[in-house]
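Trainee: Contents are mmCIF, C-alpha atoms; file name start_24.cif:
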```
data_final
#
loop_
_atom_site.label_atom_id
_atom_site.label_comp_id
_atom_site.auth_asym_id
_atom_site.auth_seq_id
_atom_site.Cartn_x
_atom_site.Cartn_y
_atom_site.Cartn_z
CA MET A 14 28.00 6.79 -16.55
CA PHE A 15 28.89 6.43 -20.19
CA LEU A 16 27.63 7.31 -23.59
CA TYR A 17 27.40 4.83 -26.39
CA THR A 18 26.48 5.69 -29.94
CA GLU A 19 26.45 3.68 -33.11
CA ASN A 20 24.90 6.38 -35.23
CA ARG A 21 27.26 8.49 -37.30
CA GLY A 22 24.60 11.14 -37.81
CA LEU A 23 24.88 11.99 -34.14
CA VAL A 24 27.42 14.70 -33.51
CA LEU A 25 28.63 16.04 -30.21
CA THR A 26 30.02 19.56 -30.27
CA THR A 27 31.25 21.69 -27.42
CA HIS A 28 30.77 25.42 -27.09
CA GLY A 29 32.75 26.44 -24.06
CA GLN A 30 31.73 24.06 -21.30
CA ALA A 31 28.36 22.97 -22.62
CA PRO A 32 28.28 19.93 -24.91
CA VAL A 33 25.57 20.03 -27.56
CA PHE A 34 24.22 16.95 -29.31
CA GLN A 35 23.21 17.45 -32.89
CA TRP A 36 21.29 15.18 -35.22
CA LYS A 37 21.52 15.92 -38.93
CA GLY A 38 22.79 19.39 -38.09
CA MET A 39 19.87 20.23 -35.79
CA PRO A 40 20.25 20.59 -32.04
CA MET A 41 18.39 17.91 -30.13
CA THR A 42 15.34 19.11 -28.31
CA THR A 43 14.68 16.41 -25.76
CA HIS A 44 15.55 18.56 -22.73
CA THR A 45 17.46 15.66 -21.26
CA LEU A 46 20.24 16.53 -18.89
CA HIS A 47 23.49 15.09 -20.14
CA ARG A 48 24.18 13.45 -16.80
CA ALA A 49 20.93 11.51 -17.22
CA LEU A 50 21.65 10.24 -20.72
CA VAL A 51 23.26 6.80 -20.64
CA LEU A 52 22.70 5.36 -24.13
CA ASP A 53 21.95 7.05 -27.42
CA ASP A 54 21.94 5.80 -31.00
CA GLY A 55 20.48 8.94 -32.52
CA GLU A 56 16.94 7.57 -32.61
CA PHE A 57 16.50 5.82 -29.28
CA TYR A 58 18.03 6.89 -26.02
CA VAL A 59 17.95 5.74 -22.43
CA GLU A 60 17.71 8.38 -19.76
CA LEU A 61 17.75 8.09 -16.01
CA ASN A 62 14.96 9.56 -13.95
CA GLU A 63 16.45 12.83 -12.77
CA ASN A 64 14.44 12.81 -9.55
CA PHE A 65 16.43 9.93 -8.09
CA ALA A 66 20.05 9.58 -7.05
CA VAL A 67 22.08 8.60 -10.09
CA ASP A 68 23.27 5.33 -8.56
CA GLU A 69 19.78 3.98 -8.00
CA ALA A 70 17.67 5.84 -10.53
CA PRO A 71 15.10 4.08 -12.68
CA GLY A 72 14.77 5.33 -16.21
CA PHE A 73 13.05 5.43 -19.53
CA LEU A 74 13.62 4.33 -23.09
CA GLN A 75 12.77 7.27 -25.31
CA ARG A 76 12.55 7.55 -29.07
CA ARG A 77 12.92 10.73 -31.04
CA CYS A 78 10.02 11.58 -33.31
CA TYR A 79 8.40 14.60 -34.88
CA VAL A 80 7.23 17.49 -32.75
CA GLY A 81 3.46 17.30 -32.68
CA VAL A 82 0.40 17.71 -30.54
CA THR A 83 1.01 14.56 -28.55
CA THR A 84 4.79 14.80 -28.70
CA PRO A 85 5.59 18.43 -27.91
CA GLY A 86 9.11 17.55 -26.88
CA GLY A 87 9.92 15.66 -30.05
CA TYR A 88 10.20 12.31 -28.32
CA GLU A 89 8.02 9.48 -27.10
CA CYS A 90 8.56 7.11 -24.22
CA VAL A 91 8.47 3.49 -25.38
CA GLY A 92 9.88 1.62 -22.40
CA SER A 93 11.23 1.79 -18.90
CA PHE A 94 13.24 0.08 -16.22
CA ALA A 95 12.71 0.23 -12.47
CA GLN A 96 13.43 -1.63 -9.28
CA ASP A 97 10.62 -3.69 -7.81
CA PRO A 98 9.93 -3.94 -4.05
CA ARG A 99 12.07 -7.09 -3.86
CA GLY A 100 15.07 -5.26 -5.22
CA ARG A 101 15.04 -6.86 -8.64
CA TRP A 102 15.31 -4.64 -11.71
CA GLN A 103 12.58 -5.06 -14.28
CA ALA A 104 12.45 -3.67 -17.77
CA SER A 105 9.62 -3.45 -20.26
CA VAL A 106 8.83 -2.01 -23.65
CA ASP A 107 5.50 -0.83 -25.00
CA ALA A 108 3.59 -3.40 -27.04
CA PRO A 109 0.18 -3.69 -28.67
CA TYR A 110 -2.57 -4.44 -26.18
CA ASP A 111 -2.85 -8.15 -25.54
CA PRO A 112 -6.25 -9.25 -24.17
CA ALA A 113 -4.78 -12.53 -22.98
CA THR A 114 -2.38 -10.85 -20.58
CA ASP A 115 -4.42 -7.67 -20.23
CA SER A 116 -1.31 -5.63 -20.79
CA ASP A 117 0.08 -3.22 -23.31
CA SER A 118 3.70 -3.65 -22.33
CA ARG A 119 6.07 -6.54 -22.78
CA SER A 120 8.20 -7.54 -19.84
CA LEU A 121 11.89 -8.05 -20.52
CA GLY A 122 12.41 -9.99 -17.33
CA ARG A 123 13.66 -9.28 -13.85
CA HIS A 124 17.37 -8.79 -13.35
CA SER A 125 19.73 -8.74 -10.44
CA SER A 126 21.36 -5.49 -11.50
CA ARG A 127 20.23 -2.27 -13.07
CA MET A 128 22.82 -2.64 -15.79
CA ASP A 129 21.35 -5.98 -16.85
CA ALA A 130 17.90 -4.40 -17.07
CA ILE A 131 19.26 -1.55 -19.18
CA VAL A 132 21.01 -4.01 -21.48
CA ALA A 133 17.77 -5.97 -21.92
CA LEU A 134 15.87 -2.77 -22.60
CA TRP A 135 18.42 -1.51 -25.08
CA SER A 136 18.54 -4.84 -26.91
CA ALA A 137 14.76 -4.82 -27.32
CA ARG A 138 14.43 -1.17 -28.29
CA ARG A 139 13.49 -1.87 -31.91
CA GLN A 140 10.74 -4.24 -30.78
CA ALA A 141 8.98 -1.48 -28.86
CA LEU A 142 5.67 -0.23 -30.12
CA CYS A 143 6.27 3.26 -31.52
CA ARG A 144 3.18 5.37 -32.06
CA HIS A 145 4.75 8.30 -33.81
CA LYS A 146 6.70 8.62 -37.02
CA SER A 147 10.33 9.59 -37.04
CA ASP A 148 11.03 13.24 -37.64
CA MET B 25 -14.14 11.59 -21.45
CA VAL B 26 -15.43 8.05 -20.88
CA TYR B 27 -13.29 4.97 -20.66
CA MET B 28 -14.96 1.86 -21.96
CA THR B 29 -12.78 -0.75 -20.37
CA ALA B 30 -11.82 -1.54 -16.83
CA ARG B 31 -8.60 -3.42 -17.42
CA ARG B 32 -6.68 -5.27 -14.80
CA LYS B 33 -3.80 -2.87 -14.34
CA PRO B 34 -0.21 -3.99 -14.70
CA ARG B 35 1.42 -0.69 -13.81
CA LYS B 36 0.28 0.21 -10.34
CA ALA B 37 3.79 1.35 -9.47
CA ASN B 38 3.55 4.20 -11.96
CA ASN B 39 0.32 5.42 -10.39
CA GLU B 40 1.86 5.24 -6.94
CA ARG B 41 4.82 7.24 -8.18
CA LEU B 42 2.47 9.89 -9.58
CA ARG B 43 0.85 10.22 -6.18
CA GLU B 44 4.29 10.55 -4.58
CA LEU B 45 5.28 13.28 -7.00
CA ILE B 46 2.11 15.28 -6.42
CA THR B 47 2.46 14.93 -2.67
CA ALA B 48 6.08 16.09 -2.85
CA THR B 49 5.07 19.25 -4.70
CA GLY B 50 2.37 20.13 -2.19
CA LEU B 51 -0.05 20.87 -5.02
CA THR B 52 -3.71 19.92 -5.03
CA GLN B 53 -4.80 17.42 -7.65
CA PRO B 54 -6.44 20.09 -9.86
CA GLN B 55 -3.34 22.28 -9.61
CA ALA B 56 -1.15 19.34 -10.48
CA LEU B 57 -3.35 18.51 -13.45
CA ALA B 58 -3.15 22.07 -14.74
CA LEU B 59 0.61 21.95 -14.53
CA PHE B 60 0.78 18.50 -16.09
CA ASN B 61 -1.39 19.62 -19.00
CA ARG B 62 0.49 22.83 -19.66
CA ALA B 63 2.78 21.39 -22.32
CA LEU B 64 0.28 18.94 -23.76
CA GLY B 65 -1.98 21.38 -25.59
CA PRO B 66 -4.98 19.65 -27.14
CA ALA B 67 -3.79 16.31 -25.79
CA ALA B 68 -4.43 17.50 -22.24
CA TYR B 69 -6.09 15.14 -19.77
CA SER B 70 -9.48 15.75 -18.22
CA ALA B 71 -10.11 15.95 -14.51
CA SER B 72 -11.95 12.65 -14.77
CA ALA B 73 -8.98 10.92 -16.35
CA TRP B 74 -6.66 12.47 -13.79
CA LYS B 75 -8.74 11.10 -10.94
CA SER B 76 -8.72 7.67 -12.53
CA PHE B 77 -4.93 7.69 -12.30
CA LEU B 78 -5.06 8.55 -8.61
CA VAL B 79 -7.87 6.38 -7.26
CA ASP B 80 -7.39 3.15 -5.37
CA PRO B 81 -5.94 0.47 -7.68
CA ASP B 82 -8.76 -1.88 -6.76
CA SER B 83 -11.37 0.58 -7.93
CA THR B 84 -13.09 -0.10 -11.26
CA ARG B 85 -12.31 3.50 -12.14
CA PHE B 86 -8.58 2.92 -11.83
CA ARG B 87 -6.58 3.50 -14.98
CA PRO B 88 -2.88 2.70 -15.38
CA PHE B 89 -0.46 5.57 -15.68
CA LYS B 90 1.73 4.68 -18.63
CA ASP B 91 5.47 5.03 -18.78
CA ALA B 92 5.21 7.88 -21.26
CA LEU B 93 3.00 9.86 -18.89
CA LEU B 94 5.21 9.08 -15.93
CA ALA B 95 8.24 10.34 -17.82
CA HIS B 96 6.37 13.60 -18.44
CA ALA B 97 5.24 13.82 -14.82
CA GLU B 98 8.77 13.29 -13.56
CA LYS B 99 9.97 16.25 -15.61
CA VAL B 100 7.04 18.48 -14.64
CA PHE B 101 6.81 17.76 -10.92
CA GLY B 102 10.37 16.76 -10.15
CA ASN B 103 11.71 20.27 -10.53
CA ILE B 104 9.02 21.72 -8.29
CA ALA B 105 9.55 19.12 -5.59
CA ALA B 106 13.29 19.76 -5.68
CA ARG B 107 12.76 23.49 -5.14
CA ARG B 108 10.58 23.05 -2.06
#
```
With the file now loaded, output its structure as structure tokens.
Mentor:
Amino acid sequence: MFLYTENRGLVLTTHGQAPVFQWKGMPMTTHTLHRALVLDDGEFYVELNENFAVDEAPGFLQRRCYVGVTTPGGYECVGSFAQDPRGRWQASVDAPYDPATDSDSRSLGRHSSRMDAIVALWSARRQALCRHKSD
Amino acid sequence: MVYMTARRKPRKANNERLRELITATGLTQPQALALFNRALGPAAYSASAWKSFLVDPDSTRFRPFKDALLAHAEKVFGNIAARR
């Protein structure tokens, strides 16, 4: 597990034992457990699905946005990665609906390791279809 | 709520995972829907939409459960399943 950030607006402070991420002086409100957070650039972050063992957990690409009716947590999910029945790791990001493929997600390929899928997902994060404005 | 299209669904795995989560909680489908909708406010899903997520994937009523909804479901139902 590691945390990567390239955003200088993201600040990590510690009060006793509990680390607190802050963005522009405001505490983050994504309710993500810190053990589940693997990548974070202040706008996008990748979190593991907390209902699986950490070593084999699938996960989601989330993007922070305003808190609104359809985004009560202040984030939207714009991609994911998961293991298929054959053991390959696939990643995808949200995309405009394409009638030709009958899909509203764009596959980022199938990978032999979870890390490769996460890398593909992270590299494509700014190509994901985001439905909500930034906060 | 009426859905105009019957798309070929690319995300059956998400729907299967939703069924797994509900089964793990021991809740009925209406109970699970009420819980799922609790934090969604006016964006809550109808019983009809909920059923369309849970029907057989080959059914024309089937509707894919998007990643965003699965992420929400994992947070809502995962804690309950863990406590059982």
Trainee: Identify, on the basis of all atoms listed in the file, every residue whose closest approach to Leu42 of chain B does not exceed 9 Å; exclude the query and any residue fewer than 5 positions from it along the same chain; express the result as a PyMOL selection string.
Mentor: chain B and resi 37+47+77-78+89+94+97-98
Trainee: Include C-alpha atoms and write out the residues we just selected as a short mmCIF file (atom, residue, chain, number, x, y, z; two decimals), in the coordinates of the input.
Mentor:
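Saved result, out_26.cif, follows:
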```cif
data_model
loop_
_atom_site.label_atom_id
_atom_site.label_comp_id
_atom_site.auth_asym_id
_atom_site.auth_seq_id
_atom_site.Cartn_x
_atom_site.Cartn_y
_atom_site.Cartn_z
CA ALA B 37 3.79 1.35 -9.47
CA THR B 47 2.46 14.93 -2.67
CA PHE B 77 -4.93 7.69 -12.30
CA LEU B 78 -5.06 8.55 -8.61
CA PHE B 89 -0.46 5.57 -15.68
CA LEU B 94 5.21 9.08 -15.93
CA ALA B 97 5.24 13.82 -14.82
CA GLU B 98 8.77 13.29 -13.56
#
```
Trainee: Using the chain letters and residue numbers of this document, give as a PyMOL selection string the residues selected by the PyMOL selection byres ((chain B) within 12 of (chain A)).
Mentor: chain B and resi 29-38+41+44-45+48+61-69+88-107
Trainee: Just say which residues the PyMOL selection byres ((chain A and resi 145) around 10) picks in this file, as a list of chain:residue names.
Mentor: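 In the shown coordinates, the PyMOL selection byres ((chain A and resi 145) around 10) covers A:Arg76, A:Arg77, A:Cys78, A:Tyr79, A:Val80, A:Gly81, A:Thr83, A:Thr84, A:Gly87, A:Tyr88, A:Glu89, A:Leu142, A:Cys143, A:Arg144, A:Lys146, A:Ser147, A:Asp148.
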Trainee: If I wrap all listed atoms of segment 57-65 of chain B in a box with edges along x, y and z and add 3 Å on each side, what are its centre and edge lengths in Å to one decimal, as lines of an AutoDock Vina configuration file?
Mentor:
```
center_x = -0.3
center_y = 20.7
center_z = -19.5
size_x = 12.1
size_y = 10.3
size_z = 18.1
```
Trainee: State, in Å with one decimal place, the distance from atom CA of Gly122 of chain A to atom CA of Ala141 of chain A.
Mentor: 14.7 Å
Trainee: Could you please determine the separation between atom CA of Gln140 of chain A and atom CA of Ala108 of chain A in Å, to one decimal place?
Mentor: 8.1 Å
Trainee: With only C-alpha atoms as the basis for distance, which of B:Ala56, B:Arg85, B:Asp80, B:Ser70 is at the shortest distance from Asn39 of chain B?
Mentor: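 Of the candidates, the smallest distance to Asn39 of chain B is held by B:Asp80.
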